[in-house]
file final33.pdb (PDB, C-alpha atoms, pLDDT in the B column)
ATOM      1  CA  MET J   1     -28.087   7.360  32.946  1.00 64.00           C
ATOM      2  CA  LYS J   2     -30.337  10.229  31.872  1.00 78.00           C
ATOM      3  CA  ASN J   3     -29.438  12.917  29.335  1.00 88.00           C
ATOM      4  CA  VAL J   4     -26.391  11.004  28.117  1.00 93.00           C
ATOM      5  CA  ASN J   5     -23.735  12.474  25.855  1.00 95.00           C
ATOM      6  CA  ILE J   6     -21.248  10.236  24.047  1.00 96.00           C
ATOM      7  CA  ILE J   7     -17.674  10.857  22.953  1.00 97.00           C
ATOM      8  CA  GLN J   8     -15.230   8.491  21.250  1.00 97.00           C
ATOM      9  CA  ILE J   9     -11.529   8.780  22.100  1.00 96.00           C
ATOM     10  CA  ASP J  10      -9.335   6.310  20.247  1.00 91.00           C
ATOM     11  CA  ASP J  11     -11.190   2.982  20.600  1.00 91.00           C
ATOM     12  CA  ILE J  12     -12.888   3.979  23.852  1.00 95.00           C
ATOM     13  CA  THR J  13     -16.487   5.141  24.122  1.00 97.00           C
ATOM     14  CA  ILE J  14     -17.356   7.430  27.017  1.00 97.00           C
ATOM     15  CA  GLN J  15     -20.931   8.169  28.047  1.00 97.00           C
ATOM     16  CA  TYR J  16     -21.392  11.115  30.379  1.00 96.00           C
ATOM     17  CA  ASN J  17     -23.781  13.518  32.012  1.00 95.00           C
ATOM     18  CA  THR J  18     -23.443  15.973  34.884  1.00 91.00           C
ATOM     19  CA  VAL J  19     -23.167  13.290  37.588  1.00 92.00           C
ATOM     20  CA  ASN J  20     -21.426  10.354  35.922  1.00 93.00           C
ATOM     21  CA  VAL J  21     -18.737   9.471  33.405  1.00 96.00           C
ATOM     22  CA  ARG J  22     -18.984   5.881  32.115  1.00 96.00           C
ATOM     23  CA  ILE J  23     -15.997   4.442  30.275  1.00 97.00           C
ATOM     24  CA  LEU J  24     -17.245   1.457  28.284  1.00 97.00           C
ATOM     25  CA  ASP J  25     -14.997  -1.615  28.209  1.00 95.00           C
ATOM     26  CA  SER J  26     -12.504   0.268  30.373  1.00 95.00           C
ATOM     27  CA  HIS J  27     -10.524  -2.919  30.994  1.00 94.00           C
ATOM     28  CA  LYS J  28      -9.097  -2.646  27.457  1.00 94.00           C
ATOM     29  CA  ILE J  29      -6.841   0.227  28.577  1.00 95.00           C
ATOM     30  CA  LYS J  30      -3.966  -1.144  30.642  1.00 93.00           C
ATOM     31  CA  SER J  31      -1.503   1.740  30.746  1.00 95.00           C
ATOM     32  CA  VAL J  32      -1.899   4.513  33.319  1.00 95.00           C
ATOM     33  CA  LYS J  33      -0.390   6.899  30.764  1.00 97.00           C
ATOM     34  CA  ASP J  34      -3.175   6.022  28.335  1.00 97.00           C
ATOM     35  CA  MET J  35      -5.808   6.418  31.059  1.00 96.00           C
ATOM     36  CA  ILE J  36      -4.505   9.884  31.901  1.00 97.00           C
ATOM     37  CA  ARG J  37      -4.292  10.871  28.231  1.00 97.00           C
ATOM     38  CA  ILE J  38      -7.857   9.697  27.530  1.00 97.00           C
ATOM     39  CA  LEU J  39      -9.283  11.477  30.572  1.00 97.00           C
ATOM     40  CA  LYS J  40      -7.420  14.703  29.790  1.00 97.00           C
ATOM     41  CA  ILE J  41      -8.675  14.638  26.180  1.00 97.00           C
ATOM     42  CA  PHE J  42     -12.179  13.915  27.488  1.00 97.00           C
ATOM     43  CA  LYS J  43     -12.112  16.905  29.840  1.00 96.00           C
ATOM     44  CA  GLN J  44     -10.594  19.164  27.196  1.00 96.00           C
ATOM     45  CA  LYS J  45     -13.067  18.258  24.436  1.00 97.00           C
ATOM     46  CA  THR J  46     -16.185  18.266  26.638  1.00 97.00           C
ATOM     47  CA  GLY J  47     -15.320  20.960  29.174  1.00 95.00           C
ATOM     48  CA  TYR J  48     -16.427  18.481  31.857  1.00 95.00           C
ATOM     49  CA  LYS J  49     -16.066  19.834  35.387  1.00 93.00           C
ATOM     50  CA  SER J  50     -15.634  17.285  38.164  1.00 93.00           C
ATOM     51  CA  LYS J  51     -15.400  17.606  41.925  1.00 91.00           C
ATOM     52  CA  ARG J  52     -13.056  14.610  41.862  1.00 89.00           C
ATOM     53  CA  SER J  53      -9.415  14.809  40.875  1.00 92.00           C
ATOM     54  CA  LEU J  54      -7.841  13.078  37.907  1.00 94.00           C
ATOM     55  CA  LYS J  55      -5.837  11.029  40.431  1.00 91.00           C
ATOM     56  CA  SER J  56      -9.072   9.821  42.067  1.00 90.00           C
ATOM     57  CA  TRP J  57     -10.501   8.833  38.679  1.00 94.00           C
ATOM     58  CA  ILE J  58      -7.338   6.892  37.810  1.00 94.00           C
ATOM     59  CA  LYS J  59      -7.442   4.981  41.105  1.00 89.00           C
ATOM     60  CA  GLU J  60     -11.025   3.977  40.438  1.00 88.00           C
ATOM     61  CA  TRP J  61     -10.248   2.952  36.852  1.00 94.00           C
ATOM     62  CA  LYS J  62      -7.256   0.871  37.988  1.00 92.00           C
ATOM     63  CA  SER J  63      -9.429  -0.746  40.684  1.00 88.00           C
ATOM     64  CA  HIS J  64     -12.054  -1.723  38.124  1.00 90.00           C
ATOM     65  CA  ASN J  65      -9.370  -3.188  35.878  1.00 93.00           C
ATOM     66  CA  ARG J  66      -7.815  -5.208  38.702  1.00 90.00           C
ATOM     67  CA  LEU J  67     -11.151  -6.670  39.770  1.00 86.00           C
ATOM     68  CA  TYR J  68     -12.117  -7.389  36.150  1.00 93.00           C
ATOM     69  CA  ASN J  69      -8.800  -9.119  35.418  1.00 89.00           C
ATOM     70  CA  MET J  70      -9.200 -11.220  38.568  1.00 85.00           C
ATOM     71  CA  GLY J  71     -12.617 -12.319  37.313  1.00 87.00           C
ATOM     72  CA  LEU J  72     -14.404 -10.614  40.195  1.00 77.00           C
ATOM     73  CA  LEU J  73     -17.691  -8.761  39.693  1.00 78.00           C
ATOM     74  CA  LYS J  74     -17.221  -8.786  35.916  1.00 82.00           C
ATOM     75  CA  GLU J  75     -20.731  -7.424  35.297  1.00 85.00           C
ATOM     76  CA  HIS J  76     -19.891  -4.374  37.403  1.00 84.00           C
ATOM     77  CA  THR J  77     -16.240  -3.909  36.433  1.00 87.00           C
ATOM     78  CA  VAL J  78     -16.385  -4.290  32.642  1.00 94.00           C
ATOM     79  CA  ASP J  79     -17.204  -0.564  32.461  1.00 95.00           C
ATOM     80  CA  CYS J  80     -15.943   2.107  34.809  1.00 94.00           C
ATOM     81  CA  ASP J  81     -18.466   4.597  36.227  1.00 93.00           C
ATOM     82  CA  LEU J  82     -16.749   7.662  37.602  1.00 93.00           C
ATOM     83  CA  GLU J  83     -19.586   9.050  39.690  1.00 87.00           C
ATOM     84  CA  GLU J  84     -19.456  12.581  41.034  1.00 85.00           C
ATOM     85  CA  ASN J  85     -21.054  11.690  44.363  1.00 73.00           C
ATOM     86  CA  GLU J  86     -19.191   8.443  45.073  1.00 70.00           C
ATOM     87  CA  LYS J  87     -19.758   6.866  48.465  1.00 72.00           C
ATOM     88  CA  LEU J  88     -16.927   7.199  50.987  1.00 72.00           C
ATOM     89  CA  HIS J  89     -16.470   3.432  51.442  1.00 68.00           C
ATOM     90  CA  ARG J  90     -16.000   3.000  47.690  1.00 69.00           C
ATOM     91  CA  LEU J  91     -13.477   5.842  47.527  1.00 68.00           C
ATOM     92  CA  MET J  92     -11.558   4.137  50.330  1.00 69.00           C
ATOM     93  CA  ALA J  93     -11.629   0.823  48.451  1.00 71.00           C
ATOM     94  CA  TYR J  94     -10.351   2.551  45.289  1.00 67.00           C
ATOM     95  CA  GLN J  95      -7.578   4.148  47.359  1.00 71.00           C
ATOM     96  CA  ILE J  96      -6.380   0.655  48.347  1.00 72.00           C
ATOM     97  CA  LEU J  97      -7.051  -1.226  45.088  1.00 70.00           C
ATOM     98  CA  GLY J  98      -5.854   1.595  42.853  1.00 66.00           C
ATOM     99  CA  ILE J  99      -2.317   1.734  44.224  1.00 71.00           C
TER
END
call {"tool": "encode", "arguments": {"input": "final33.pdb", "output": "structure tokens"}}
result
Amino acid sequence: MKNVNIIQIDDITIQYNTVNVRILDSHKIKSVKDMIRILKIFKQKTGYKSKRSLKSWIKEWKSHNRLYNMGLLKEHTVDCDLEENEKLHRLMAYQILGI
């Protein structure tokens, strides 16, 4: 990621720029309420504008957590990258896995 900004919310570190929000060690947050709270604080404190909805971000975060907890693709699911220009097939996968 280029031109990275960093914010700490509770015990979670978030790296971000105009096209990506990376939640480091995202698997540590289990509760959807906590995910929503963290993302709302993030948007409020940074003024981050996203084309994606909060609901879409949560589905992706939950998908990463599920795959991580199943031991699948741990290198790729330990952190959650909420990309602005996510590919359609990934968004569809998050729609299914993030239920």
call {"tool": "closest_residue", "arguments": {"input": "final33.pdb", "among": "J:Ile36, J:Val78, J:Leu73, J:Val4", "to": "Leu24 (chain J)", "atoms": "only C-alpha atoms"}}
result
J:Val78
call {"tool": "closest_residue", "arguments": {"input": "final33.pdb", "among": "J:Ile14, J:Ser56, J:Ile7, J:Glu75", "to": "Ser26 (chain J)", "atoms": "only C-alpha atoms"}}
result
J:Ile14
call {"tool": "closest_residue", "arguments": {"input": "final33.pdb", "among": "J:Glu60, J:Val19, J:Ile9, J:Lys87", "to": "Tyr48 (chain J)", "atoms": "only C-alpha atoms"}}
result
J:Val19
call {"tool": "atom_distance", "arguments": {"input": "final33.pdb", "atom1": "CA of Thr18 (chain J)", "atom2": "CA of Leu72 (chain J)"}}
result
28.6 Å
call {"tool": "closest_residue", "arguments": {"input": "final33.pdb", "among": "J:Ile96, J:Glu86, J:Ile6, J:Thr13", "to": "Lys51 (chain J)", "atoms": "only C-alpha atoms"}}
result
J:Glu86
call {"tool": "closest_residue", "arguments": {"input": "final33.pdb", "among": "J:Thr77, J:Tyr16, J:Trp61, J:Asn3", "to": "Asp34 (chain J)", "atoms": "only C-alpha atoms"}}
result
J:Trp61
call {"tool": "residues_around", "arguments": {"input": "final33.pdb", "residues": "Asn65 (chain J)", "least_positions_apart": "5", "cutoff": "10 Å", "atoms": "only C-alpha atoms", "output": "list in words"}}
result
Asp25, Ser26, His27, Lys28, Ile29, Lys30, Lys59, Glu60, Met70, Gly71, Leu72, Lys74, Thr77, Val78, Asp79, Cys80, Leu97 and Gly98 of chain J
call {"tool": "write_last_selection", "arguments": {"input": "final33.pdb", "atoms": "C-alpha atoms", "output": "short mmCIF file (atom, residue, chain, number, x, y, z; two decimals), in the coordinates of the input"}}
result
data_model
loop_
_atom_site.label_atom_id
_atom_site.label_comp_id
_atom_site.auth_asym_id
_atom_site.auth_seq_id
_atom_site.Cartn_x
_atom_site.Cartn_y
_atom_site.Cartn_z
CA ASP J 25 -15.00 -1.62 28.21
CA SER J 26 -12.50 0.27 30.37
CA HIS J 27 -10.52 -2.92 30.99
CA LYS J 28 -9.10 -2.65 27.46
CA ILE J 29 -6.84 0.23 28.58
CA LYS J 30 -3.97 -1.14 30.64
CA LYS J 59 -7.44 4.98 41.10
CA GLU J 60 -11.02 3.98 40.44
CA MET J 70 -9.20 -11.22 38.57
CA GLY J 71 -12.62 -12.32 37.31
CA LEU J 72 -14.40 -10.61 40.20
CA LYS J 74 -17.22 -8.79 35.92
CA THR J 77 -16.24 -3.91 36.43
CA VAL J 78 -16.39 -4.29 32.64
CA ASP J 79 -17.20 -0.56 32.46
CA CYS J 80 -15.94 2.11 34.81
CA LEU J 97 -7.05 -1.23 45.09
CA GLY J 98 -5.85 1.60 42.85
#
call {"tool": "atom_distance", "arguments": {"input": "final33.pdb", "atom1": "CA of Thr46 (chain J)", "atom2": "CA of Asp81 (chain J)"}}
result
16.9 Å
call {"tool": "closest_residue", "arguments": {"input": "final33.pdb", "among": "J:Ile12, J:Glu84, J:His64, J:Asn17", "to": "Leu39 (chain J)", "atoms": "all atoms listed in the file"}}
result
J:Ile12
call {"tool": "atom_distance", "arguments": {"input": "final33.pdb", "atom1": "CA of Val21 (chain J)", "atom2": "CA of Leu82 (chain J)"}}
result
5.0 Å
call {"tool": "decode", "arguments": {"input": "final33.pdb", "residues": "region 4-38 of chain J", "atoms": "N, CA, C and O atoms", "output": "CSV table (one decimal), in the first residue's frame"}}
result
chain,number,residue,atom,x,y,z
J,4,VAL,N,0.3,5.4,3.1
J,4,VAL,CA,-0.5,4.7,4.1
J,4,VAL,C,-0.6,5.6,5.4
J,4,VAL,O,0.4,6.2,5.8
J,5,ASN,N,-1.8,5.7,5.8
J,5,ASN,CA,-2.1,6.3,7.1
J,5,ASN,C,-2.4,5.2,8.1
J,5,ASN,O,-2.9,4.1,7.7
J,6,ILE,N,-2.2,5.5,9.4
J,6,ILE,CA,-2.5,4.4,10.4
J,6,ILE,C,-3.3,5.1,11.5
J,6,ILE,O,-3.1,6.2,11.9
J,7,ILE,N,-4.3,4.3,12.0
J,7,ILE,CA,-5.1,4.7,13.1
J,7,ILE,C,-5.3,3.5,14.0
J,7,ILE,O,-5.4,2.3,13.6
J,8,GLN,N,-5.3,3.7,15.3
J,8,GLN,CA,-5.5,2.7,16.3
J,8,GLN,C,-6.8,2.9,17.0
J,8,GLN,O,-7.1,4.0,17.4
J,9,ILE,N,-7.6,1.8,16.9
J,9,ILE,CA,-9.0,1.9,17.6
J,9,ILE,C,-9.0,0.6,18.5
J,9,ILE,O,-9.0,-0.5,18.0
J,10,ASP,N,-9.1,0.9,19.8
J,10,ASP,CA,-9.0,-0.2,20.8
J,10,ASP,C,-7.7,-0.9,20.6
J,10,ASP,O,-6.6,-0.2,20.5
J,11,ASP,N,-7.7,-2.2,20.4
J,11,ASP,CA,-6.4,-2.9,20.2
J,11,ASP,C,-6.2,-3.3,18.7
J,11,ASP,O,-5.4,-4.1,18.3
J,12,ILE,N,-7.0,-2.6,17.8
J,12,ILE,CA,-6.9,-2.9,16.4
J,12,ILE,C,-6.2,-1.7,15.7
J,12,ILE,O,-6.5,-0.6,15.9
J,13,THR,N,-5.3,-2.1,14.8
J,13,THR,CA,-4.6,-1.2,14.0
J,13,THR,C,-5.2,-1.2,12.6
J,13,THR,O,-5.3,-2.3,12.0
J,14,ILE,N,-5.4,-0.1,12.0
J,14,ILE,CA,-6.0,0.0,10.7
J,14,ILE,C,-5.1,0.9,9.8
J,14,ILE,O,-4.7,2.0,10.2
J,15,GLN,N,-4.6,0.3,8.7
J,15,GLN,CA,-3.8,1.1,7.7
J,15,GLN,C,-4.8,1.4,6.6
J,15,GLN,O,-5.6,0.6,6.2
J,16,TYR,N,-4.7,2.6,6.1
J,16,TYR,CA,-5.6,3.0,5.0
J,16,TYR,C,-5.0,4.0,4.1
J,16,TYR,O,-4.1,4.8,4.4
J,17,ASN,N,-5.5,4.0,2.9
J,17,ASN,CA,-5.3,5.1,1.9
J,17,ASN,C,-6.6,5.2,1.1
J,17,ASN,O,-7.6,4.7,1.5
J,18,THR,N,-6.5,5.9,0.0
J,18,THR,CA,-7.8,6.2,-0.7
J,18,THR,C,-8.4,5.0,-1.4
J,18,THR,O,-9.6,5.1,-1.7
J,19,VAL,N,-7.7,3.9,-1.6
J,19,VAL,CA,-8.3,2.7,-2.2
J,19,VAL,C,-8.4,1.5,-1.4
J,19,VAL,O,-8.9,0.5,-1.9
J,20,ASN,N,-7.9,1.5,-0.2
J,20,ASN,CA,-7.9,0.3,0.6
J,20,ASN,C,-7.9,0.6,2.1
J,20,ASN,O,-7.2,1.6,2.6
J,21,VAL,N,-8.6,-0.2,2.9
J,21,VAL,CA,-8.6,-0.1,4.3
J,21,VAL,C,-8.1,-1.5,4.8
J,21,VAL,O,-8.8,-2.5,4.5
J,22,ARG,N,-7.0,-1.6,5.5
J,22,ARG,CA,-6.5,-2.9,6.0
J,22,ARG,C,-6.6,-2.9,7.5
J,22,ARG,O,-6.0,-2.1,8.2
J,23,ILE,N,-7.4,-3.9,8.0
J,23,ILE,CA,-7.5,-4.1,9.4
J,23,ILE,C,-6.6,-5.2,9.8
J,23,ILE,O,-6.7,-6.4,9.3
J,24,LEU,N,-5.5,-4.9,10.5
J,24,LEU,CA,-4.5,-5.9,10.9
J,24,LEU,C,-5.0,-6.8,12.0
J,24,LEU,O,-5.7,-6.4,12.9
J,25,ASP,N,-4.8,-8.1,11.9
J,25,ASP,CA,-5.2,-9.1,12.8
J,25,ASP,C,-6.7,-9.0,13.1
J,25,ASP,O,-7.2,-9.1,14.2
J,26,SER,N,-7.4,-8.9,12.0
J,26,SER,CA,-8.9,-8.7,12.1
J,26,SER,C,-9.6,-9.8,12.7
J,26,SER,O,-10.7,-9.7,13.3
J,27,HIS,N,-9.0,-11.0,12.7
J,27,HIS,CA,-9.6,-12.2,13.3
J,27,HIS,C,-9.8,-12.1,14.8
J,27,HIS,O,-10.6,-12.8,15.4
J,28,LYS,N,-9.2,-11.1,15.4
J,28,LYS,CA,-9.3,-11.0,16.9
J,28,LYS,C,-10.6,-10.4,17.3
J,28,LYS,O,-11.1,-10.6,18.4
J,29,ILE,N,-11.3,-9.8,16.3
J,29,ILE,CA,-12.7,-9.2,16.6
J,29,ILE,C,-13.7,-10.2,16.2
J,29,ILE,O,-13.8,-10.5,15.0
J,30,LYS,N,-14.4,-10.7,17.1
J,30,LYS,CA,-15.4,-11.8,16.8
J,30,LYS,C,-16.9,-11.2,16.7
J,30,LYS,O,-17.7,-11.7,15.9
J,31,SER,N,-17.2,-10.2,17.4
J,31,SER,CA,-18.5,-9.7,17.5
J,31,SER,C,-18.8,-8.7,16.3
J,31,SER,O,-18.0,-7.8,16.1
J,32,VAL,N,-20.0,-8.9,15.7
J,32,VAL,CA,-20.4,-8.0,14.6
J,32,VAL,C,-20.6,-6.6,15.2
J,32,VAL,O,-20.3,-5.6,14.6
J,33,LYS,N,-21.1,-6.5,16.4
J,33,LYS,CA,-21.3,-5.2,17.1
J,33,LYS,C,-20.0,-4.5,17.2
J,33,LYS,O,-19.9,-3.3,16.9
J,34,ASP,N,-18.9,-5.2,17.6
J,34,ASP,CA,-17.6,-4.6,17.7
J,34,ASP,C,-17.1,-4.2,16.3
J,34,ASP,O,-16.4,-3.1,16.2
J,35,MET,N,-17.3,-5.0,15.3
J,35,MET,CA,-16.9,-4.7,13.9
J,35,MET,C,-17.5,-3.4,13.5
J,35,MET,O,-16.8,-2.5,13.0
J,36,ILE,N,-18.8,-3.3,13.7
J,36,ILE,CA,-19.6,-2.1,13.3
J,36,ILE,C,-19.1,-0.9,14.0
J,36,ILE,O,-18.8,0.2,13.5
J,37,ARG,N,-18.9,-1.0,15.4
J,37,ARG,CA,-18.4,0.1,16.2
J,37,ARG,C,-17.0,0.6,15.7
J,37,ARG,O,-16.8,1.8,15.5
J,38,ILE,N,-16.1,-0.3,15.5
J,38,ILE,CA,-14.8,0.0,15.0
J,38,ILE,C,-14.8,0.7,13.7
J,38,ILE,O,-14.1,1.7,13.5
